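Asker: Data file input29.cif (mmCIF, C-alpha atoms and all ligand atoms) is appended below.
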```cif
data_query
loop_
_atom_site.label_atom_id
_atom_site.label_comp_id
_atom_site.auth_asym_id
_atom_site.auth_seq_id
_atom_site.Cartn_x
_atom_site.Cartn_y
_atom_site.Cartn_z
CA MET Y 912 4.58 25.20 -14.12
CA SER Y 913 3.17 25.09 -10.57
CA ASP Y 914 0.14 27.25 -11.40
CA THR Y 915 -0.97 24.67 -13.99
CA LEU Y 916 -0.87 21.82 -11.44
CA GLN Y 917 -4.29 20.53 -10.54
CA THR Y 918 -5.59 19.84 -7.06
CA LYS Y 919 -7.16 16.54 -6.06
CA ALA Y 920 -10.56 18.23 -5.96
CA GLN Y 921 -10.17 19.58 -9.51
CA VAL Y 922 -9.19 16.18 -10.90
CA ILE Y 923 -11.93 14.24 -9.11
CA ASN Y 924 -14.60 16.84 -9.86
CA GLN Y 925 -14.45 16.10 -13.58
CA PHE Y 926 -15.78 12.62 -12.94
CA LEU Y 927 -18.63 13.50 -10.58
CA PRO Y 928 -22.26 14.27 -11.36
CA GLU Y 929 -23.45 17.73 -10.37
CA LYS Y 930 -25.74 16.36 -7.71
CA LEU Y 931 -24.89 13.16 -5.89
CA THR Y 932 -27.42 10.41 -5.35
CA THR Y 933 -26.96 8.08 -2.40
CA LYS Y 934 -27.79 4.55 -1.41
CA HIS Y 935 -29.00 3.51 2.02
CA SER Y 936 -25.53 2.10 2.72
CA ALA Y 937 -22.55 0.58 0.92
CA GLU Y 938 -19.76 -1.72 2.00
CA ALA Y 939 -16.45 -2.60 0.34
CA PHE Y 940 -13.31 -4.60 0.99
CA ALA Y 941 -9.77 -3.96 -0.27
CA PRO Y 942 -6.68 -6.05 0.46
CA SER Y 943 -3.46 -4.73 1.88
CA ASN Y 944 -0.38 -5.06 -0.35
CA ILE Y 945 3.37 -5.37 -0.01
CA ALA Y 946 5.66 -3.85 -2.62
CA LEU Y 947 8.34 -6.04 -4.19
CA CYS Y 948 9.55 -3.01 -6.16
CA LYS Y 949 8.94 -0.04 -3.86
CA TYR Y 950 7.27 3.28 -4.51
CA TRP Y 951 9.76 5.72 -3.01
CA GLY Y 952 9.65 9.39 -3.94
CA LYS Y 953 7.14 11.72 -5.56
CA ARG Y 954 7.36 13.89 -8.62
CA ALA Y 955 4.23 15.79 -7.48
CA THR Y 956 3.04 15.78 -3.87
CA GLU Y 957 -0.56 16.99 -4.14
CA LEU Y 958 -1.62 14.03 -6.29
CA ASN Y 959 0.93 11.51 -4.93
CA LEU Y 960 2.50 11.08 -8.36
CA PRO Y 961 5.56 8.82 -8.03
CA THR Y 962 9.05 9.11 -9.47
CA ASN Y 963 9.02 5.39 -10.28
CA SER Y 964 6.62 2.61 -11.17
CA SER Y 965 6.20 -0.11 -8.53
CA LEU Y 966 4.99 -3.69 -8.19
CA SER Y 967 3.27 -5.41 -5.28
CA ILE Y 968 1.66 -8.59 -4.09
CA SER Y 969 -1.75 -8.29 -2.49
CA LEU Y 970 -2.43 -9.87 0.90
CA GLY Y 971 -5.56 -11.77 -0.15
CA HIS Y 972 -8.25 -11.64 2.53
CA LEU Y 973 -6.22 -9.34 4.81
CA GLY Y 974 -7.18 -5.72 4.48
CA SER Y 975 -9.92 -3.20 5.25
CA HIS Y 976 -13.71 -3.41 5.22
CA THR Y 977 -15.39 -0.02 4.98
CA ARG Y 978 -19.08 0.67 5.38
CA ILE Y 979 -20.69 4.01 4.60
CA SER Y 980 -24.21 4.89 5.74
CA HIS Y 981 -26.26 7.98 6.52
CA SER Y 982 -25.69 9.58 9.90
CA GLU Y 983 -28.85 9.98 11.98
CA ASN Y 984 -27.65 12.87 14.12
CA GLY Y 985 -26.62 15.27 11.36
CA ALA Y 986 -22.88 14.97 12.02
CA ASP Y 987 -20.19 12.77 10.51
CA VAL Y 988 -19.11 9.78 12.58
CA VAL Y 989 -15.83 7.97 11.84
CA LYS Y 990 -15.25 4.55 13.39
CA LEU Y 991 -12.16 2.40 13.33
CA ASN Y 992 -12.32 -1.20 14.53
CA ASN Y 993 -15.63 -0.52 16.31
CA ARG Y 994 -14.40 2.61 18.08
CA THR Y 995 -15.67 6.10 17.31
CA GLN Y 996 -12.67 8.28 16.54
CA ASP Y 997 -12.14 11.73 17.97
CA GLU Y 998 -12.91 14.30 15.28
CA GLN Y 999 -9.49 15.92 15.84
CA SER Y 1000 -7.63 12.62 15.36
CA SER Y 1001 -5.48 12.40 12.25
CA PHE Y 1002 -7.39 9.28 11.11
CA CYS Y 1003 -10.73 11.08 11.31
CA ARG Y 1004 -9.42 14.19 9.59
CA LYS Y 1005 -7.92 12.22 6.72
CA VAL Y 1006 -11.12 10.22 6.15
CA ILE Y 1007 -13.36 13.30 6.23
CA ALA Y 1008 -11.03 15.33 3.99
CA PHE Y 1009 -11.06 12.48 1.47
CA ILE Y 1010 -14.87 12.05 1.54
CA ASN Y 1011 -15.25 15.81 1.11
CA LEU Y 1012 -13.48 15.59 -2.25
CA PHE Y 1013 -16.56 13.69 -3.43
CA ARG Y 1014 -19.26 15.27 -1.27
CA ARG Y 1015 -18.02 18.79 -2.01
CA ASP Y 1016 -20.41 21.35 -0.48
CA GLN Y 1017 -23.39 18.98 -0.38
CA SER Y 1018 -24.63 18.33 3.12
CA ILE Y 1019 -24.73 14.55 3.46
CA PRO Y 1020 -23.73 13.55 7.02
CA LEU Y 1021 -22.24 10.07 7.07
CA VAL Y 1022 -21.10 7.24 9.27
CA ILE Y 1023 -17.84 5.81 7.93
CA ASP Y 1024 -17.02 2.56 9.63
CA THR Y 1025 -13.67 0.87 8.88
CA ARG Y 1026 -12.53 -2.50 10.17
CA ASN Y 1027 -9.06 -3.83 9.52
CA ASN Y 1028 -8.59 -7.59 9.73
CA ILE Y 1029 -4.83 -7.37 9.41
CA PRO Y 1030 -3.56 -9.19 12.49
CA THR Y 1031 -2.36 -6.57 14.95
CA ALA Y 1032 0.62 -8.85 15.51
CA ALA Y 1033 1.66 -8.41 11.88
CA GLY Y 1034 2.89 -4.84 12.15
CA LEU Y 1035 1.53 -3.81 8.76
CA ALA Y 1036 0.38 -0.38 7.74
CA SER Y 1037 -3.25 -0.19 6.70
CA SER Y 1038 -3.36 3.05 4.72
CA ALA Y 1039 -3.20 1.21 1.36
CA SER Y 1040 -6.19 -1.05 2.03
CA GLY Y 1041 -7.94 1.72 3.98
CA PHE Y 1042 -8.01 4.29 1.16
CA ALA Y 1043 -8.77 1.64 -1.47
CA ALA Y 1044 -11.74 0.31 0.54
CA LEU Y 1045 -12.91 3.88 1.17
CA VAL Y 1046 -12.85 4.74 -2.54
CA LEU Y 1047 -14.72 1.54 -3.42
CA ALA Y 1048 -17.36 2.24 -0.76
CA ILE Y 1049 -17.71 5.88 -1.91
CA ASN Y 1050 -18.17 4.70 -5.51
CA ASP Y 1051 -20.98 2.38 -4.49
CA PHE Y 1052 -22.64 4.66 -1.92
CA PHE Y 1053 -22.83 7.67 -4.28
CA GLU Y 1054 -23.56 5.44 -7.31
CA LEU Y 1055 -20.64 6.95 -9.24
CA ARG Y 1056 -19.99 3.96 -11.55
CA LEU Y 1057 -16.29 4.77 -11.79
CA THR Y 1058 -13.97 2.49 -13.76
CA LYS Y 1059 -11.17 0.57 -12.07
CA VAL Y 1060 -8.67 2.96 -13.65
CA GLN Y 1061 -10.42 5.92 -12.05
CA LEU Y 1062 -10.78 4.10 -8.72
CA SER Y 1063 -7.06 3.33 -8.71
CA ALA Y 1064 -6.19 6.97 -9.52
CA PHE Y 1065 -8.46 8.30 -6.76
CA ALA Y 1066 -7.19 5.76 -4.18
CA ARG Y 1067 -3.65 6.96 -5.05
CA MET Y 1068 -4.62 10.48 -4.00
CA GLY Y 1069 -5.34 9.13 -0.49
CA SER Y 1070 -2.09 7.14 -0.24
CA GLY Y 1071 0.18 6.18 -3.12
CA SER Y 1072 0.27 2.48 -2.34
CA ALA Y 1073 -3.56 2.41 -2.18
CA SER Y 1074 -3.63 2.62 -6.00
CA ARG Y 1075 -2.42 -1.02 -5.99
CA SER Y 1076 -4.97 -2.21 -3.42
CA ILE Y 1077 -7.81 -1.91 -5.94
CA TYR Y 1078 -6.58 -5.23 -7.38
CA THR Y 1079 -5.52 -8.65 -6.08
CA GLY Y 1080 -2.49 -10.83 -6.86
CA PHE Y 1081 0.58 -9.22 -8.43
CA VAL Y 1082 -0.13 -5.58 -9.27
CA ARG Y 1083 1.93 -3.02 -11.16
CA TRP Y 1084 1.44 0.70 -10.61
CA ASP Y 1085 2.64 2.64 -13.65
CA MET Y 1086 4.07 6.02 -12.74
CA GLY Y 1087 2.38 7.69 -15.72
CA LYS Y 1088 3.32 11.07 -17.10
CA GLN Y 1089 0.17 13.14 -17.33
CA GLU Y 1090 -0.08 16.15 -15.08
CA ASP Y 1091 -3.53 15.19 -13.81
CA GLY Y 1092 -2.20 11.72 -12.92
CA MET Y 1093 -5.02 9.84 -14.62
CA ASP Y 1094 -2.42 7.54 -16.21
CA SER Y 1095 -0.65 6.95 -12.87
CA VAL Y 1096 -2.72 3.89 -12.06
CA ALA Y 1097 -2.34 0.24 -11.19
CA SER Y 1098 -3.24 -2.90 -13.10
CA GLN Y 1099 -3.18 -6.59 -12.30
CA LEU Y 1100 -0.60 -8.98 -13.73
CA ASP Y 1101 -1.98 -12.15 -15.23
CA CYS Y 1102 -0.43 -14.66 -12.83
CA GLN Y 1103 -1.68 -17.32 -10.45
CA TRP Y 1104 1.10 -18.61 -8.18
CA ASP Y 1105 -0.52 -21.02 -5.72
CA ASP Y 1106 2.63 -21.93 -3.76
CA PHE Y 1107 3.61 -18.34 -3.08
CA CYS Y 1108 3.82 -17.52 0.64
CA ILE Y 1109 4.42 -14.32 2.59
CA GLY Y 1110 5.53 -14.49 6.21
CA LEU Y 1111 4.88 -11.44 8.37
CA ILE Y 1112 7.43 -11.02 11.14
CA LYS Y 1113 6.71 -8.31 13.62
CA VAL Y 1114 9.66 -7.12 15.61
CA SER Y 1115 7.94 -4.03 17.00
CA SER Y 1116 4.45 -2.57 17.08
CA ALA Y 1117 5.53 0.84 18.37
CA LYS Y 1118 4.34 3.76 16.23
CA LYS Y 1119 7.13 4.57 13.81
CA PRO Y 1120 8.92 7.83 14.55
CA VAL Y 1121 8.75 9.05 10.93
CA ASP Y 1122 5.85 8.03 8.68
CA SER Y 1123 6.51 6.95 5.10
CA ARG Y 1124 5.26 10.22 3.63
CA SER Y 1125 7.75 12.32 5.64
CA GLY Y 1126 10.46 9.69 5.20
CA MET Y 1127 10.05 9.90 1.44
CA ASP Y 1128 10.24 13.69 1.46
CA ARG Y 1129 13.32 13.73 3.67
CA THR Y 1130 15.08 11.13 1.52
CA THR Y 1131 14.43 12.85 -1.79
CA ALA Y 1132 15.50 16.20 -0.34
CA THR Y 1133 18.71 15.13 1.40
CA SER Y 1134 20.07 11.76 0.23
CA SER Y 1135 22.62 11.89 -2.58
CA LEU Y 1136 22.06 8.15 -3.15
CA TYR Y 1137 18.46 8.89 -4.09
CA GLN Y 1138 19.49 10.02 -7.57
CA ASN Y 1139 20.20 6.39 -8.49
CA TRP Y 1140 16.90 5.14 -7.21
CA PRO Y 1141 14.50 5.82 -10.14
CA ALA Y 1142 16.76 4.00 -12.64
CA GLN Y 1143 17.27 1.05 -10.32
CA ALA Y 1144 13.55 0.77 -9.61
CA ALA Y 1145 12.82 0.83 -13.37
CA ALA Y 1146 15.30 -2.01 -13.96
CA ASP Y 1147 14.00 -4.01 -10.97
CA LEU Y 1148 10.46 -3.72 -12.22
CA ILE Y 1149 11.44 -5.40 -15.50
CA THR Y 1150 13.40 -8.14 -13.68
CA LEU Y 1151 10.51 -8.82 -11.33
CA GLN Y 1152 7.94 -9.00 -14.08
CA LYS Y 1153 10.07 -11.47 -16.02
CA ALA Y 1154 10.67 -13.57 -12.90
CA ILE Y 1155 6.93 -13.62 -12.21
CA GLU Y 1156 6.14 -14.62 -15.81
CA ASN Y 1157 8.70 -17.46 -15.61
CA ARG Y 1158 7.71 -18.46 -12.05
CA ASP Y 1159 11.38 -18.05 -11.18
CA PHE Y 1160 11.08 -17.75 -7.43
CA SER Y 1161 14.77 -17.16 -6.65
CA ALA Y 1162 15.11 -14.43 -9.27
CA MET Y 1163 12.00 -12.77 -7.92
CA GLY Y 1164 13.04 -13.02 -4.25
CA ALA Y 1165 16.58 -11.80 -4.90
CA CYS Y 1166 15.36 -8.77 -6.84
CA ALA Y 1167 12.71 -7.90 -4.24
CA GLU Y 1168 15.24 -8.13 -1.40
CA GLN Y 1169 17.82 -6.02 -3.21
CA ASN Y 1170 15.17 -3.46 -4.10
CA ALA Y 1171 14.15 -3.15 -0.43
CA MET Y 1172 17.77 -2.87 0.73
CA SER Y 1173 18.46 -0.19 -1.89
CA MET Y 1174 15.46 1.82 -0.73
CA HIS Y 1175 16.73 1.53 2.85
CA ALA Y 1176 20.18 2.66 1.69
CA THR Y 1177 18.62 5.89 0.42
CA MET Y 1178 16.87 6.32 3.80
CA ILE Y 1179 20.01 5.67 5.82
CA SER Y 1180 21.92 8.23 3.75
CA ALA Y 1181 19.25 10.91 4.30
CA TRP Y 1182 19.84 13.69 6.80
CA PRO Y 1183 18.99 13.35 9.61
CA PRO Y 1184 19.45 9.62 8.90
CA LEU Y 1185 16.35 7.49 8.68
CA VAL Y 1186 17.08 4.09 10.14
CA TYR Y 1187 13.88 2.11 10.50
CA TRP Y 1188 15.68 -1.11 11.48
CA LEU Y 1189 15.89 -2.32 15.05
CA PRO Y 1190 18.55 -4.77 16.27
CA GLU Y 1191 15.89 -7.51 16.00
CA SER Y 1192 15.26 -6.63 12.33
CA LEU Y 1193 18.92 -7.17 11.58
CA ALA Y 1194 18.90 -10.45 13.51
CA VAL Y 1195 16.06 -11.76 11.29
CA MET Y 1196 17.89 -10.60 8.13
CA GLN Y 1197 21.01 -12.42 9.22
CA ARG Y 1198 19.04 -15.60 9.94
CA VAL Y 1199 17.45 -15.36 6.46
CA TRP Y 1200 20.92 -15.03 4.88
CA GLN Y 1201 22.16 -18.07 6.85
CA LEU Y 1202 19.14 -20.10 5.77
CA ARG Y 1203 19.81 -19.14 2.15
CA GLU Y 1204 23.45 -20.22 2.52
CA SER Y 1205 22.13 -23.59 3.64
CA GLY Y 1206 20.00 -23.87 0.49
CA ILE Y 1207 16.56 -22.60 1.60
CA ALA Y 1208 14.95 -20.26 -0.92
CA VAL Y 1209 13.76 -17.51 1.43
CA TYR Y 1210 14.05 -13.76 0.90
CA PHE Y 1211 12.71 -10.71 2.69
CA THR Y 1212 11.36 -7.28 1.99
CA MET Y 1213 10.77 -4.35 4.37
CA ASP Y 1214 8.91 -1.06 4.16
CA ALA Y 1215 9.37 2.13 6.16
CA GLY Y 1216 9.38 0.28 9.47
CA PRO Y 1217 11.27 -2.37 11.42
CA ASN Y 1218 9.10 -5.39 10.49
CA LEU Y 1219 10.01 -7.97 7.87
CA LYS Y 1220 8.01 -9.79 5.26
CA LEU Y 1221 9.52 -13.11 4.23
CA LEU Y 1222 8.97 -14.46 0.73
CA PHE Y 1223 9.07 -18.23 0.21
CA GLU Y 1224 7.22 -21.12 -1.40
CA GLU Y 1225 5.02 -23.80 0.16
CA SER Y 1226 7.88 -26.35 0.05
CA SER Y 1227 9.87 -24.32 2.65
CA ARG Y 1228 6.88 -23.52 4.86
CA LYS Y 1229 7.30 -26.22 7.55
CA LEU Y 1230 10.95 -25.44 8.10
CA LEU Y 1231 10.38 -21.68 8.24
CA GLU Y 1232 7.49 -22.08 10.68
CA THR Y 1233 9.90 -23.80 13.04
CA GLU Y 1234 12.56 -21.12 12.50
CA PHE Y 1235 10.15 -18.21 13.00
CA PRO Y 1236 7.32 -19.42 15.26
CA GLN Y 1237 5.98 -15.87 15.63
CA MET Y 1238 5.42 -15.51 11.87
CA ASP Y 1239 1.91 -15.01 10.35
CA ILE Y 1240 1.70 -16.75 6.96
CA ILE Y 1241 -0.39 -15.55 4.03
CA GLN Y 1242 -0.97 -17.39 0.79
CA PRO Y 1243 -2.29 -14.67 -1.50
CA PHE Y 1244 -3.48 -17.03 -4.23
CA LYS Y 1245 -5.29 -19.53 -1.99
CA SER Y 1246 -8.90 -18.85 -1.12
CA HIS Y 1247 -9.82 -18.90 2.57
O1 LIG Y 1301 1.50 4.78 0.20
P1 LIG Y 1301 2.41 5.37 1.23
O2 LIG Y 1301 2.43 6.86 1.19
O3 LIG Y 1301 2.11 4.82 2.61
O4 LIG Y 1301 3.93 4.90 0.89
C1 LIG Y 1301 4.32 3.55 0.86
C2 LIG Y 1301 5.80 3.45 0.83
C3 LIG Y 1301 6.38 2.05 0.95
O5 LIG Y 1301 5.54 1.22 1.73
C4 LIG Y 1301 7.72 2.15 1.67
C5 LIG Y 1301 6.64 1.40 -0.41
C6 LIG Y 1301 5.45 0.88 -1.18
O6 LIG Y 1301 5.56 0.85 -2.41
O7 LIG Y 1301 4.46 0.46 -0.58
#
```
Go ahead and express the file in the form of structure tokens.
Answerer:
Amino acid sequence: MSDTLQTKAQVINQFLPEKLTTKHSAEAFAPSNIALCKYWGKRATELNLPTNSSLSISLGHLGSHTRISHSENGADVVKLNNRTQDEQSSFCRKVIAFINLFRRDQSIPLVIDTRNNIPTAAGLASSASGFAALVLAINDFFELRLTKVQLSAFARMGSGSASRSIYTGFVRWDMGKQEDGMDSVASQLDCQWDDFCIGLIKVSSAKKPVDSRSGMDRTTATSSLYQNWPAQAAADLITLQKAIENRDFSAMGACAEQNAMSMHATMISAWPPLVYWLPESLAVMQRVWQLRESGIAVYFTMDAGPNLKLLFEESSRKLLETEFPQMDIIQPFKSH
């Protein structure tokens, strides 16, 4: 089977013109997103094809702006938040490798300038918005006229969760079943939920010891709990979609929190164990559980890191701001 698997370059190549045309410059924005039903595990690594479908909420105006223009000095230049990156840095290498999938052997030196407006205090990863903004900027710069389905599939090849950052609001990424992954793409749910709030609580900004890609690989290879994960994620996805349709906040929050805890259970049971929580993470969880006991509808979710994302509605905002003064609040459905 492995010799029939396609590479990223082979898949993308089918959708490219023989010779690229370019604009003077192109700029794009993509929002970051937080999964309520997590993507955790791959059925094929080269194309980032997942073992389960997932569902996220986009972070509105928080994300990545990427600008592509021609380089004057004949060499690629990669900038992040106004700083030129060392060409050996992993950020620079990832960006150039991704652009090369489109540029192929054509000599088109570029300046790729990415700015993240995610508050540094928020402790959020930016690979989802980063690859989505990069794909959108590539599409415009090389005048590729790709569809949203294709953009989502290509963003996924950069980072799985980036497939969801092509859209705003609630977004579902269907795992798909094709070998080339062109059906493993995201789409937007038809829902406007004005009162919906996300609170970002940073407990640490230290670089995580194991990134999500390696964490996923270690979990699938060594955790015996992982075998339950795909079925649970499939069931959670249905529960979440129903809760979103019915605007049933508590059903949605409870399912999202349990989904996150279940993913963490698979990590903790990996070998060597993957414990992303810090004592402060657990302290926030316990405070959330106490608040719920006292009747406040607040839930949390966490990714492969120690920081928490609280889920609540506008009616609880004042109280939660007092409880967690360090929290950054996002209202994904309100314009800024
Ligand atoms: O897209 P990646 O490779 O950074 O993986 C994201 C994994 C989680 O954040 C833990 C879950 C998710 O669905 O975003």
Asker: Would you mind reading off the distance between atom CA of Y:Ala1171 and atom CA of Y:Phe940, one decimal, in Å?
Answerer: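 Taking atom CA of Y:Ala1171 as the start and atom CA of Y:Phe940 as the end point, the length is 27.5 Å.
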Asker: Quick one: pull the distance between atom CA of Y:Leu1219 and atom CA of Y:Thr1131, Å, one decimal.
Answerer: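 These atoms are spaced 23.4 Å apart.
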Asker: Give the padded box for stretch 1126-1141 of chain Y as JSON: axis-aligned, covering all atoms listed in the file, 8 Å on each side, centre and edge lengths in Å to one decimal.
Answerer:
```
{"center_x": 16.3, "center_y": 10.7, "center_z": -2.5, "size_x": 28.6, "size_y": 27.1, "size_z": 31.3}
```
Asker: What does the distance between atom CA of Y:Asp1128 and atom CA of Y:Ala955 come to in Å, to one decimal place?
Answerer: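 Separation between atom CA of Y:Asp1128 and atom CA of Y:Ala955: 11.0 Å.
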Asker: Can you pull out the residues contacting Y:Gly1110? Cut-off 6 Å, using only C-alpha atoms, and skip same-chain residues under 4 positions away; I want them as a list of chain:residue names.
Answerer: Y:Lys1220, Y:Leu1221, Y:Met1238, Y:Asp1239, Y:Ile1240
Asker: For the residues selected in the previous step, produce a file with C-alpha atoms as a PDB file, in the frame of the given file.
Answerer:
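As written to disk, selection33.pdb reads:
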```pdb
ATOM      1  CA  LYS Y1220       8.010  -9.790   5.260  1.00  0.00           C
ATOM      2  CA  LEU Y1221       9.520 -13.110   4.230  1.00  0.00           C
ATOM      3  CA  MET Y1238       5.420 -15.510  11.870  1.00  0.00           C
ATOM      4  CA  ASP Y1239       1.910 -15.010  10.350  1.00  0.00           C
ATOM      5  CA  ILE Y1240       1.700 -16.750   6.960  1.00  0.00           C
TER       6      ILE Y1240
END
```
Asker: Using all atoms listed in the file, determine which residues fall within 8 Å of ligand LIG 1301 (chain Y), then list them as a PDB file with C-alpha atoms, in the coordinates of the input.
Answerer:
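New file result33.pdb:
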```pdb
ATOM      1  CA  ASN Y 944      -0.380  -5.060  -0.350  1.00  0.00           C
ATOM      2  CA  ILE Y 945       3.370  -5.370  -0.010  1.00  0.00           C
ATOM      3  CA  ALA Y 946       5.660  -3.850  -2.620  1.00  0.00           C
ATOM      4  CA  LEU Y 947       8.340  -6.040  -4.190  1.00  0.00           C
ATOM      5  CA  CYS Y 948       9.550  -3.010  -6.160  1.00  0.00           C
ATOM      6  CA  LYS Y 949       8.940  -0.040  -3.860  1.00  0.00           C
ATOM      7  CA  TYR Y 950       7.270   3.280  -4.510  1.00  0.00           C
ATOM      8  CA  TRP Y 951       9.760   5.720  -3.010  1.00  0.00           C
ATOM      9  CA  ASN Y 959       0.930  11.510  -4.930  1.00  0.00           C
ATOM     10  CA  SER Y 965       6.200  -0.110  -8.530  1.00  0.00           C
ATOM     11  CA  LEU Y 966       4.990  -3.690  -8.190  1.00  0.00           C
ATOM     12  CA  SER Y 967       3.270  -5.410  -5.280  1.00  0.00           C
ATOM     13  CA  ALA Y1036       0.380  -0.380   7.740  1.00  0.00           C
ATOM     14  CA  SER Y1038      -3.360   3.050   4.720  1.00  0.00           C
ATOM     15  CA  ALA Y1039      -3.200   1.210   1.360  1.00  0.00           C
ATOM     16  CA  ARG Y1067      -3.650   6.960  -5.050  1.00  0.00           C
ATOM     17  CA  SER Y1070      -2.090   7.140  -0.240  1.00  0.00           C
ATOM     18  CA  GLY Y1071       0.180   6.180  -3.120  1.00  0.00           C
ATOM     19  CA  SER Y1072       0.270   2.480  -2.340  1.00  0.00           C
ATOM     20  CA  ALA Y1073      -3.560   2.410  -2.180  1.00  0.00           C
ATOM     21  CA  ASP Y1122       5.850   8.030   8.680  1.00  0.00           C
ATOM     22  CA  SER Y1123       6.510   6.950   5.100  1.00  0.00           C
ATOM     23  CA  ARG Y1124       5.260  10.220   3.630  1.00  0.00           C
ATOM     24  CA  MET Y1127      10.050   9.900   1.440  1.00  0.00           C
ATOM     25  CA  MET Y1213      10.770  -4.350   4.370  1.00  0.00           C
ATOM     26  CA  ASP Y1214       8.910  -1.060   4.160  1.00  0.00           C
ATOM     27  CA  ALA Y1215       9.370   2.130   6.160  1.00  0.00           C
TER      28      ALA Y1215
END
```
Asker: List the spatial neighbours of Y:Leu1045 as a list in words - criterion: any atom at most 9 Å away, only C-alpha atoms, same-chain residues fewer than 5 positions off excluded.
Answerer: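 After dropping sequence-adjacent residues, the list is Glu938, Ala939, Phe940, Ala941, Ser975, His976, Thr977, Arg978, Ile979, Val1006, Phe1009, Ile1010, Ile1023, Thr1025, Ser1040, Asn1050 and Ala1066 of chain Y.
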Asker: Just checking: using all atoms listed in the file, which residue out of Y:Leu1193, Y:Ile968, Y:Leu1012, Y:Ala1145 ends up closest to Y:Ile923?
Answerer: Y:Leu1012
Asker: Excluding Y:Pro1020 and any residue of its chain fewer than 4 positions from it, enumerate the residues within 8 Å of it, using all atoms listed in the file, and give them as a list of chain:residue names.
Answerer: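 That gives Y:His981, Y:Ser982, Y:Glu983, Y:Gly985, Y:Ala986, Y:Asp987.
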Asker: Given the selection you just returned, output its residues as a file containing C-alpha atoms, formatted as a CSV table (one decimal), in the coordinates of the input.
Answerer:
```csv
chain,number,residue,atom,x,y,z
Y,981,HIS,CA,-26.3,8.0,6.5
Y,982,SER,CA,-25.7,9.6,9.9
Y,983,GLU,CA,-28.8,10.0,12.0
Y,985,GLY,CA,-26.6,15.3,11.4
Y,986,ALA,CA,-22.9,15.0,12.0
Y,987,ASP,CA,-20.2,12.8,10.5
```
Asker: Counting only C-alpha atoms, which residues have an atom no more than 12 Å from (6.4, -14.5, 13.2) in the file's coordinates? Please list them as a ChimeraX atom specification.
Answerer: /Y:1030-1034,1109-1115,1192,1195,1218-1221,1231-1241
Asker: Please, could you write that set of residues out with C-alpha atoms as a PDB file, keeping the file's coordinate frame?
Answerer:
```
ATOM      1  CA  PRO Y1030      -3.560  -9.190  12.490  1.00  0.00           C
ATOM      2  CA  THR Y1031      -2.360  -6.570  14.950  1.00  0.00           C
ATOM      3  CA  ALA Y1032       0.620  -8.850  15.510  1.00  0.00           C
ATOM      4  CA  ALA Y1033       1.660  -8.410  11.880  1.00  0.00           C
ATOM      5  CA  GLY Y1034       2.890  -4.840  12.150  1.00  0.00           C
ATOM      6  CA  ILE Y1109       4.420 -14.320   2.590  1.00  0.00           C
ATOM      7  CA  GLY Y1110       5.530 -14.490   6.210  1.00  0.00           C
ATOM      8  CA  LEU Y1111       4.880 -11.440   8.370  1.00  0.00           C
ATOM      9  CA  ILE Y1112       7.430 -11.020  11.140  1.00  0.00           C
ATOM     10  CA  LYS Y1113       6.710  -8.310  13.620  1.00  0.00           C
ATOM     11  CA  VAL Y1114       9.660  -7.120  15.610  1.00  0.00           C
ATOM     12  CA  SER Y1115       7.940  -4.030  17.000  1.00  0.00           C
ATOM     13  CA  SER Y1192      15.260  -6.630  12.330  1.00  0.00           C
ATOM     14  CA  VAL Y1195      16.060 -11.760  11.290  1.00  0.00           C
ATOM     15  CA  ASN Y1218       9.100  -5.390  10.490  1.00  0.00           C
ATOM     16  CA  LEU Y1219      10.010  -7.970   7.870  1.00  0.00           C
ATOM     17  CA  LYS Y1220       8.010  -9.790   5.260  1.00  0.00           C
ATOM     18  CA  LEU Y1221       9.520 -13.110   4.230  1.00  0.00           C
ATOM     19  CA  LEU Y1231      10.380 -21.680   8.240  1.00  0.00           C
ATOM     20  CA  GLU Y1232       7.490 -22.080  10.680  1.00  0.00           C
ATOM     21  CA  THR Y1233       9.900 -23.800  13.040  1.00  0.00           C
ATOM     22  CA  GLU Y1234      12.560 -21.120  12.500  1.00  0.00           C
ATOM     23  CA  PHE Y1235      10.150 -18.210  13.000  1.00  0.00           C
ATOM     24  CA  PRO Y1236       7.320 -19.420  15.260  1.00  0.00           C
ATOM     25  CA  GLN Y1237       5.980 -15.870  15.630  1.00  0.00           C
ATOM     26  CA  MET Y1238       5.420 -15.510  11.870  1.00  0.00           C
ATOM     27  CA  ASP Y1239       1.910 -15.010  10.350  1.00  0.00           C
ATOM     28  CA  ILE Y1240       1.700 -16.750   6.960  1.00  0.00           C
ATOM     29  CA  ILE Y1241      -0.390 -15.550   4.030  1.00  0.00           C
TER      30      ILE Y1241
END
```
Asker: Within 7 Å of Y:Ser943, counting all atoms listed in the file, which residues qualify if same-chain residues fewer than 3 places away don't, as a list in words?
Answerer: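 The residues that qualify are Ser969, Leu970, Leu973, Gly974, Ser1037, Ala1039, Ser1040 and Ser1076 of chain Y.
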Asker: Between Y:Asp1094, Y:Glu1168, Y:Glu1204, Y:Glu1191, single out the one closest to Y:Leu1062, counting all atoms listed in the file.
Answerer: Y:Asp1094
Asker: Which is closer to Y:Leu1047 than all the others in Y:Ala937, Y:Cys1102, Y:Ala920, Y:Leu1035, using all atoms listed in the file?
Answerer: Y:Ala937
Asker: Could you list, as an MDAnalysis selection string, every residue within 10 Å of Y:Thr1130, counting only C-alpha atoms and ignoring same-chain residues fewer than 2 positions away?
Answerer: chainID Y and resid 951:952 1125:1128 1132:1137 1174:1185
Asker: Residues around (-5.6, 9.1, -15.6), cut-off 7 Å, counting only C-alpha atoms - what are they as a ChimeraX atom specification?
Answerer: /Y:1061,1064,1091-1096
Asker: Please produce an output containing C-alpha atoms for each residue in the selection, written as a compact mmCIF listing (two decimals), in the frame of the given file.
Answerer:
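Just written: part_19.txt:
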```
# COMPACT_ATOMS: atom_id res chain seq x y z
CA GLN Y 1061 -10.42 5.92 -12.05
CA ALA Y 1064 -6.19 6.97 -9.52
CA ASP Y 1091 -3.53 15.19 -13.81
CA GLY Y 1092 -2.20 11.72 -12.92
CA MET Y 1093 -5.02 9.84 -14.62
CA ASP Y 1094 -2.42 7.54 -16.21
CA SER Y 1095 -0.65 6.95 -12.87
CA VAL Y 1096 -2.72 3.89 -12.06
```
